[in-house]
Protein chains: 4
Amino acid sequence: MSAVGSFFSDNEGTVAAPIMQALQAVNVDAVHSYGEDPTTAALEARLRDWFERDDLQVFPVVTGTAANALAAAQLVPPYGALYCQQHAHVNTDECGAPEFYTAGAKLTGVDGAHGKIDAQAFARVLSTAGDLGVHEVRPSALTLTQGTELGTVYTQGEVQALADLARGRGLGVHMDGARFANALVHLGCSPADITWRLGVDMLSLGATKNGAMAAEALITFGGEQHREALAYRRKRAGHLLSKQRYVSAQLLAWLEDDLWRELAARANRGAQRLSAGLDSLPGVTVAHPTQINEVFAVMPPPLVAGLHEQGFGFYDWPGGEANLHRLVVRWDTPDEHIDALLDSARRLVE
Amino acid sequence: MSAVGSFFSDNEGTVAAPIMQALQAVNVDAVHSYGEDPTTAALEARLRDWFERDDLQVFPVVTGTAANALAAAQLVPPYGALYCQQHAHVNTDECGAPEFYTAGAKLTGVDGAHGKIDAQAFARVLSTAGDLGVHEVRPSALTLTQGTELGTVYTQGEVQALADLARGRGLGVHMDGARFANALVHLGCSPADITWRLGVDMLSLGATKNGAMAAEALITFGGEQHREALAYRRKRAGHLLSKQRYVSAQLLAWLEDDLWRELAARANRGAQRLSAGLDSLPGVTVAHPTQINEVFAVMPPPLVAGLHEQGFGFYDWPGGEANLHRLVVRWDTPDEHIDALLDSARRLVE
Amino acid sequence: MSAVGSFFSDNEGTVAAPIMQALQAVNVDAVHSYGEDPTTAALEARLRDWFERDDLQVFPVVTGTAANALAAAQLVPPYGALYCQQHAHVNTDECGAPEFYTAGAKLTGVDGAHGKIDAQAFARVLSTAGDLGVHEVRPSALTLTQGTELGTVYTQGEVQALADLARGRGLGVHMDGARFANALVHLGCSPADITWRLGVDMLSLGATKNGAMAAEALITFGGEQHREALAYRRKRAGHLLSKQRYVSAQLLAWLEDDLWRELAARANRGAQRLSAGLDSLPGVTVAHPTQINEVFAVMPPPLVAGLHEQGFGFYDWPGGEANLHRLVVRWDTPDEHIDALLDSARRLVE
Amino acid sequence: MSAVGSFFSDNEGTVAAPIMQALQAVNVDAVHSYGEDPTTAALEARLRDWFERDDLQVFPVVTGTAANALAAAQLVPPYGALYCQQHAHVNTDECGAPEFYTAGAKLTGVDGAHGKIDAQAFARVLSTAGDLGVHEVRPSALTLTQGTELGTVYTQGEVQALADLARGRGLGVHMDGARFANALVHLGCSPADITWRLGVDMLSLGATKNGAMAAEALITFGGEQHREALAYRRKRAGHLLSKQRYVSAQLLAWLEDDLWRELAARANRGAQRLSAGLDSLPGVTVAHPTQINEVFAVMPPPLVAGLHEQGFGFYDWPGGEANLHRLVVRWDTPDEHIDALLDSARRLVE
């Protein structure tokens with residue numbers, strides 16, 4: 001079993017106690033189904049407050065892939081192009097979900113270091129995009145991952161620059177916030193300040209990796225024109241849960257008393273400590289700034305083999321960089337696991 | 001609120017205590033994500049036992065719509081026809097999910113009384129199906145709802161007859177078992193005896209309406225040829241949950257100690273009592289045999305208005321039959337609610 | 001071979017001489033491809049004149065199925081319902097093309113005699129359509145076939161009534177004009193008077209069955225909001241021809257000097273004669289009014305067998321009416337073939 | 001008008017006289033529609049002979065985009081990956097047609113010089129493809145363009161190497177032969193020797209760019225397992241022409257007396273002459289070997305401006321290489337146009 005010493009993924013984590021309690025608390029009586037329940041209404045009110053937008057809409061779902069794909073379906077026509085960082089999760093790890101939900105749109109990967117789209121690269125892509133008219137897919141939307149697949153965080157300025165480029169061409173802007181809480185903790189700004197105030201139209205807000213059981217939300221800022229279509233699309237995709245209150249309750253509890261912040265901060269701190277520890281070892285290099293709860297380290301194969309042998313789990317990272325590995329710290333990763341890994345690593349490199 | 005006296009839907013129900021406890025019990029440690037966890041493995045083993053099929057495969061999901069649509073995608077090509085009872089849930093209440101997942105297949109409604117497909121009607125449809133060659137969608141699969149949208153249950157002989165017709169034409173056979181437990185209780189036979197032994201290839205097994213939080217499973221009997229494709233399709237639809245163990249744990253608990261049977265039997269009994277009580281009233285007719293947990297009653301408008309006024313919730317039933325109403329008894333509907341409704345009705349018709 | 005005495009389909013016909021000459025006439029020099037040619041421009045101008053609409057747009061394609069499916073894709077979202085006569089060509093003979101192009105919308109058949117949608121039946125369908133909210137496909141558009149699959153023609157009043165119902169619910173209105181010319185000849189009204197003046201938004205105008213080689217046009221009346229999307233969709237479907245001028249040239253020649261009228265009138269007259277002749281025979285009944293170039297006759301099996309034996313080709317008509325057969329008169333069906341069939345039939349029934 | 005001095009595209013060309021005559025020759029009598037005609041049967045027989053495969057099947061269509069997308073739909077599941085050269089026509093110029101027809105598969109661009117996929121790059125891609133299991137699209141097929149988008153031709157050895165890599169991973173192999181005739185002329189080998197003998201499963205055979213009006217064919221070598229599905233898919237896409245004989249007649253005439261070779265050789269020779277002439281000019285470089293009928297030349301902006309001013313038409317080539325232009329020689333480009341362009345260019349660079 002991977003329980004001890006696992007740094008595979010924050011998806012392996014447990015559910016935080018306040019969230020389990022919220023599920024229990026909501027389990028008292030029959031209520032209307034399909035989201036017509038008071039818990040969901042309370043969640044929308046809470047999110048409007050959190051994001052400082054009275055016209056925010058929320059569509060709770062159970063996976064980030066569903067939230068991302070629904071957003072894509074709404075922002076990109078079947079004949080459209082969705083721009084993303086070329087190694088973004090939507091492009092490499094969702095088995096073509098955006099293509100499925102959009103009925104065949106094209107994801108166009110844009111370059112950039114450390115998992116971020118480079119604004120100049122994006123500007124270059126846009127400068128000729130659409131030149132071929134109907135022979136080419138129509139430039140339609142941009143999606144940013146915050147924090148990125150490589151454990152980094154877009155600054156407000158970076159989001160602004162990319163969103164400005166997108167909006168200048170009439171593109172919608174989506175943010176994949178599978179690790180939005182971790183990014184917020186790093187940035188220290190308000191939710192509004194890193195999303196709609198910079199031009200983000202839709203956000204996939206993820207809680208599952210950060211202490212929930214299965215709770216994500218597609219959020220639109222304004223977007224009245226998308227309301228009906230998103231409701232239909234969610235139903236049709238099998239993502240309108242009959243007992244939706246149990247998803248909404250998770251999200252509410254996650255927002256309550258800033259639980260999201262506590263859990264994300266804990267994970268981020270663990271990752272910082274792990275990152276610093278690994279980086280101090282001879283022959284080990286941290287390849288990308290550790291800004292959320294993921295450490296990307298280039299480690300010599302004997303070290304990796306030794307750690308695996310001792311039961312520490314983590315992934316080789318695909319994409320061609322030699323000896324690159326990802327170690328994820330969960331909200332519930334015990335400090336002792338981090339210590340143990342660093343100790344083992346130290347001994348192994350000596 | 002609809003909590004008191006609601007007969008709207010079994011989707012409004014709470015989660016049974018053993019299932020809540022199972023969620024808590026599984027929430028102890030990090031485990032592998034995306035279904036590579038021991039709970040999911042245990043579920044598959046348990047289901048193989050329950051269905052007496054060593055080659056059964058299980059794909060846990062969170063909605064019946066997802067399970068049905070995934071099955072359709074696998075049994076019906078984009079250019080195919082899926083036969084269903086014309087008022088079946090897949091045809092009228094899933095917002096075109098099968099059409100979405102199949103990339104545009106056609107659902108062809110077949111007639112029949114009491115929510116069931118009539119074997120003669122199906123035989124007639126099949127007798128000319130395919131005559132137009134490529135100009136017509138290709139006959140591909142049959143889907144049966146067990147229990148049906150109208151609260152009835154296909155007998156073994158009826159399933160056999162329809163499955164034989166289907167298989168005689170090379171069609172796959174799917175069963176939508178959103179209320180499979182309720183049907184099983186009515187039939188008193190084994191799960192195998194109403195599914196694969198009669199020719200059913202895939203089953204959407206539903207627990208959500210019967211005491212779970214959000215737990216359904218697409219089950220294939222044999223179907224090795226579908227394994228890879230279903231796994232990809234589920235992921236791509238956003239229905240592979242990262243923390244899948246929490247779905248699997250619900251299903252395991254639901255099977256444990258025959259919890260499914262206890263909950264379904266309680267709901268069925270309540271519906272029987274409600275049905276008998278209503279049927280005894282002057283001017284009220286129970287329109288379809290009450291075989292599971294749903295009562296379909298033709299009631300005079302003043303009676304309906306009176307009941308609504310007193311806070312009893314239930315739906316008018318669409319489809320054109322005048323004054324037809326559906327009253328659903330949940331696993332957790334208090335006996336007092338049934339008594340109260342019958343008392344009120346009695347007084348109102350006097 | 002079926003050449004002599006074939007009444008199978010107008011699709012079997014040859015290409016009218018003026019259209020062959022037009023292809024030759026346009027084959028003189030290199031011109032811009034993909035519809036940026038002067039012939040296509042001339043066609044659009046000619047159609048604007050013909051339909052008395054300066055804002056008409058034309059999208060030439062090579063099959064009626066493509067034109068119909070493109071219109072559906074534009075008028076119906078993936079989660080939408082397209083209403084049609086239940087035996088309409090789009091529903092029964094296009095192998096799910098509208099479902100493909102719309103990414104899975106649902107065609108909802110509406111009843112009505114003689115191949116036409118009955119306005120009362122449509123009103124009944126609309127009266128409850130949408131009641132289930134997102135659980136049900138969204139009412140989105142209506143498509144009418146003019147002339148119908150059963151050889152009849154909607155009157156102006158009938159189109160008006162249906163279009164009014166549709167527009168009253170915010171639905172788009174499409175007309176499948178595979179045999180539009182034949183219908184126009186029957187009606188004796190202007191093209192505008194049977195289309196946009198009554199509320200039709202898009203028309204599939206067919207010339208192939210009436211003397212062209214492969215030339216259809218999707219026409220929008222107004223519809224500026226559809227222009228870009230239709231252009232992309234046509235390209236993406238593989239229906240933007242590189243040498244489009246050869247399609248446009250066919251349509252131009254077909255409009256020139258009212259060739260369309262001459263050819264359609266000839267076919268209609270032949271059908272009238274055939275219809276009257278058959279109807280006068282004992283034991284033979286013409287089942288639907290013969291208003292265009294198709295005769296639907298109930299004929300005794302010995303007569304049918306005898307005619308087939310003598311080499312006369314025509315189809316049994318599917319749909320369950322016993323002994324119903326369709327006989328189509330093409331623009332190029334020789335009068336002698338009609339005479340021969342009637343003579344043979346007379347001898348056979350004696 | 002672009003007629004004089006146009007080097008924009010072979011799509012601008014006229015129809016060769018023998019093909020026009022064939023259309024006239026087949027226009028004599030009514031025949032069965034939808035491909036059940038003797039001309040289509042003769043075409044299939046002829047192609048079986050040409051390709052030396054008795055089990056070849058042919059699906060005539062009117063655009064290369066349709067042929068390519070149909071092949072993709074058959075070789076790649078919705079959750080699959082189709083590998084192509086990153087600048088291949090299917091990826092950049094078909095507006096997402098393969099994504100549409102496959103219901104959302106992903107095209108994965110592979111690098112390589114001169115428009116060809118590099119075998120080492122493809123091997124590298126394949127070495128990690130599928131590592132992410134269901135999270136990633138499933139490696140499914142390879143498509144090669146012959147001749148390529150950059151006017152080059154894969155040698156037999158190159159096709160063999162790529163097809164071997166593909167088949168070693170169980171991938172299907174498709175060849176986009178929009179300019180197959182031009183490539184064949186360059187290679188001097190038999191059709192079989194550059195297709196199925198090397199492992200190609202399906203070929204989009206294009207005649208439109210080489211003297212036909214609108215005539216392409218999707219060809220399967222063997223592929224009995226694809227026959228039914230392709231027939232349904234073509235119909236459903238609106239690409240089964242009712243009067244298909246007029247497409248088949250074009251292709252037959254194109255094969256007759258090696259017309260394809262005569263036309264392609266003429267175009268290739270013109271391109272050779274144009275290429276050599278341009279390459280001899282100071283400041284001009286031919287960027288890719290001129291192996292078919294396209295010349296890719298880097299030309300100084302003043303020269304380009306001067307040529308445009310004098311009425312010579314050709315495209316800037318997208319993709320980022322500065323001052324790169326494509327000049328296409330058609331089968332019907334007059335020698336005088338080539339002479340005129342070279343003369344003008346010589347004067348302009350002096």
# chains A, B, ... in the order shown; residues from 1 in each chain; ligands from 1
call {"tool": "residues_around", "arguments": {"residues": "range 5-9 of chain B", "least_positions_apart": "3", "cutoff": "10 Å", "atoms": "only C-alpha atoms", "output": "JSON, numbers by chain"}}
result
{"A": [30, 31, 32, 33, 242], "B": [1, 2, 12, 13, 209, 293, 294, 295, 307, 308, 310, 311, 312, 313, 314, 315, 316, 326, 327, 328, 329, 330, 333, 334, 336, 337, 338, 339, 340, 341]}
call {"tool": "interface_residues", "arguments": {"of": "chain C", "to": "chain A", "cutoff": "9 Å", "atoms": "only C-alpha atoms", "output": "list in words"}}
result
Pro77, Pro78, Tyr79, Thr102, Ala103, Gly133, Val134, His135, Glu136, Val137, Arg138, Glu228, Ala229, Ala231, Tyr232, Arg233, Arg234, Lys235 and Arg236 of chain C
call {"tool": "residues_around", "arguments": {"residues": "Thr148 in chain B", "least_positions_apart": "5", "cutoff": "12 Å", "atoms": "only C-alpha atoms", "output": "MDAnalysis selection string"}}
result
chainID B and resid 84:90 112:117 143 153:155 175:180 182:183 288:296
call {"tool": "atom_distance", "arguments": {"atom1": "CA of Trp254 in chain A", "atom2": "CA of Ala67 in chain B"}}
result
28.7 Å
call {"tool": "atom_distance", "arguments": {"atom1": "CA of Val125 in chain A", "atom2": "CA of Tyr83 in chain A"}}
result
9.3 Å
call {"tool": "select_by_dssp", "arguments": {"residues": "range 213-286 of chain A", "states": "strand (DSSP E)", "output": "NGL selection string"}}
result
:A and (216-220 or 285-286)
call {"tool": "residues_around", "arguments": {"residues": "Met20 in chain B", "least_positions_apart": "3", "cutoff": "12 Å", "atoms": "only C-alpha atoms", "output": "JSON, numbers by chain"}}
result
{"A": [20, 21, 22, 23, 24, 25, 26, 27, 28, 246], "B": [14, 15, 16, 17, 23, 24, 25, 26, 27, 211, 212, 213, 214, 246, 247, 249, 250, 251, 252, 253, 254]}
call {"tool": "residues_around", "arguments": {"residues": "Thr220 in chain B", "least_positions_apart": "4", "cutoff": "12 Å", "atoms": "only C-alpha atoms", "output": "PyMOL selection string"}}
result
chain B and resi 44+47-48+51+53-60+67-68+70-71+74-75+172-175+195-196+199-205+224-227+230-231
call {"tool": "residues_around", "arguments": {"residues": "Ala119 in chain D", "least_positions_apart": "4", "cutoff": "7 Å", "atoms": "only C-alpha atoms", "output": "VMD selection string"}}
result
chain D and resid 123 161 to 162
call {"tool": "write_last_selection", "arguments": {"atoms": "N, CA and C atoms", "output": "PDB file, in the first residue's frame"}}
result
ATOM      1  N   ALA D 123       9.238   7.836 -33.269  1.00  0.00           N
ATOM      2  CA  ALA D 123       9.614   6.779 -32.318  1.00  0.00           C
ATOM      3  C   ALA D 123       9.669   7.340 -30.903  1.00  0.00           C
ATOM      4  N   ALA D 161       9.343   2.793 -42.867  1.00  0.00           N
ATOM      5  CA  ALA D 161       9.838   2.977 -41.501  1.00  0.00           C
ATOM      6  C   ALA D 161       8.725   3.497 -40.586  1.00  0.00           C
ATOM      7  N   LEU D 162       7.967   4.452 -41.075  1.00  0.00           N
ATOM      8  CA  LEU D 162       6.895   5.033 -40.249  1.00  0.00           C
ATOM      9  C   LEU D 162       5.759   4.035 -40.054  1.00  0.00           C
TER      10      LEU D 162
END
call {"tool": "select_by_dssp", "arguments": {"residues": "range 102-135 of chain B", "states": "alpha helix (DSSP H)", "output": "ChimeraX atom specification"}}
result
/B:119-128
call {"tool": "write_last_selection", "arguments": {"atoms": "C-alpha atoms", "output": "PDB file, in the first residue's frame"}}
result
ATOM      1  CA  ALA B 119     -42.587  -7.842 -27.255  1.00  0.00           C
ATOM      2  CA  GLN B 120     -44.911  -7.897 -30.236  1.00  0.00           C
ATOM      3  CA  ALA B 121     -44.401  -4.210 -30.853  1.00  0.00           C
ATOM      4  CA  PHE B 122     -40.655  -4.711 -30.652  1.00  0.00           C
ATOM      5  CA  ALA B 123     -40.843  -7.636 -33.044  1.00  0.00           C
ATOM      6  CA  ARG B 124     -42.791  -5.484 -35.479  1.00  0.00           C
ATOM      7  CA  VAL B 125     -40.210  -2.708 -35.275  1.00  0.00           C
ATOM      8  CA  LEU B 126     -37.387  -5.159 -35.838  1.00  0.00           C
ATOM      9  CA  SER B 127     -39.162  -6.807 -38.752  1.00  0.00           C
ATOM     10  CA  THR B 128     -38.467  -3.809 -40.986  1.00  0.00           C
TER      11      THR B 128
END
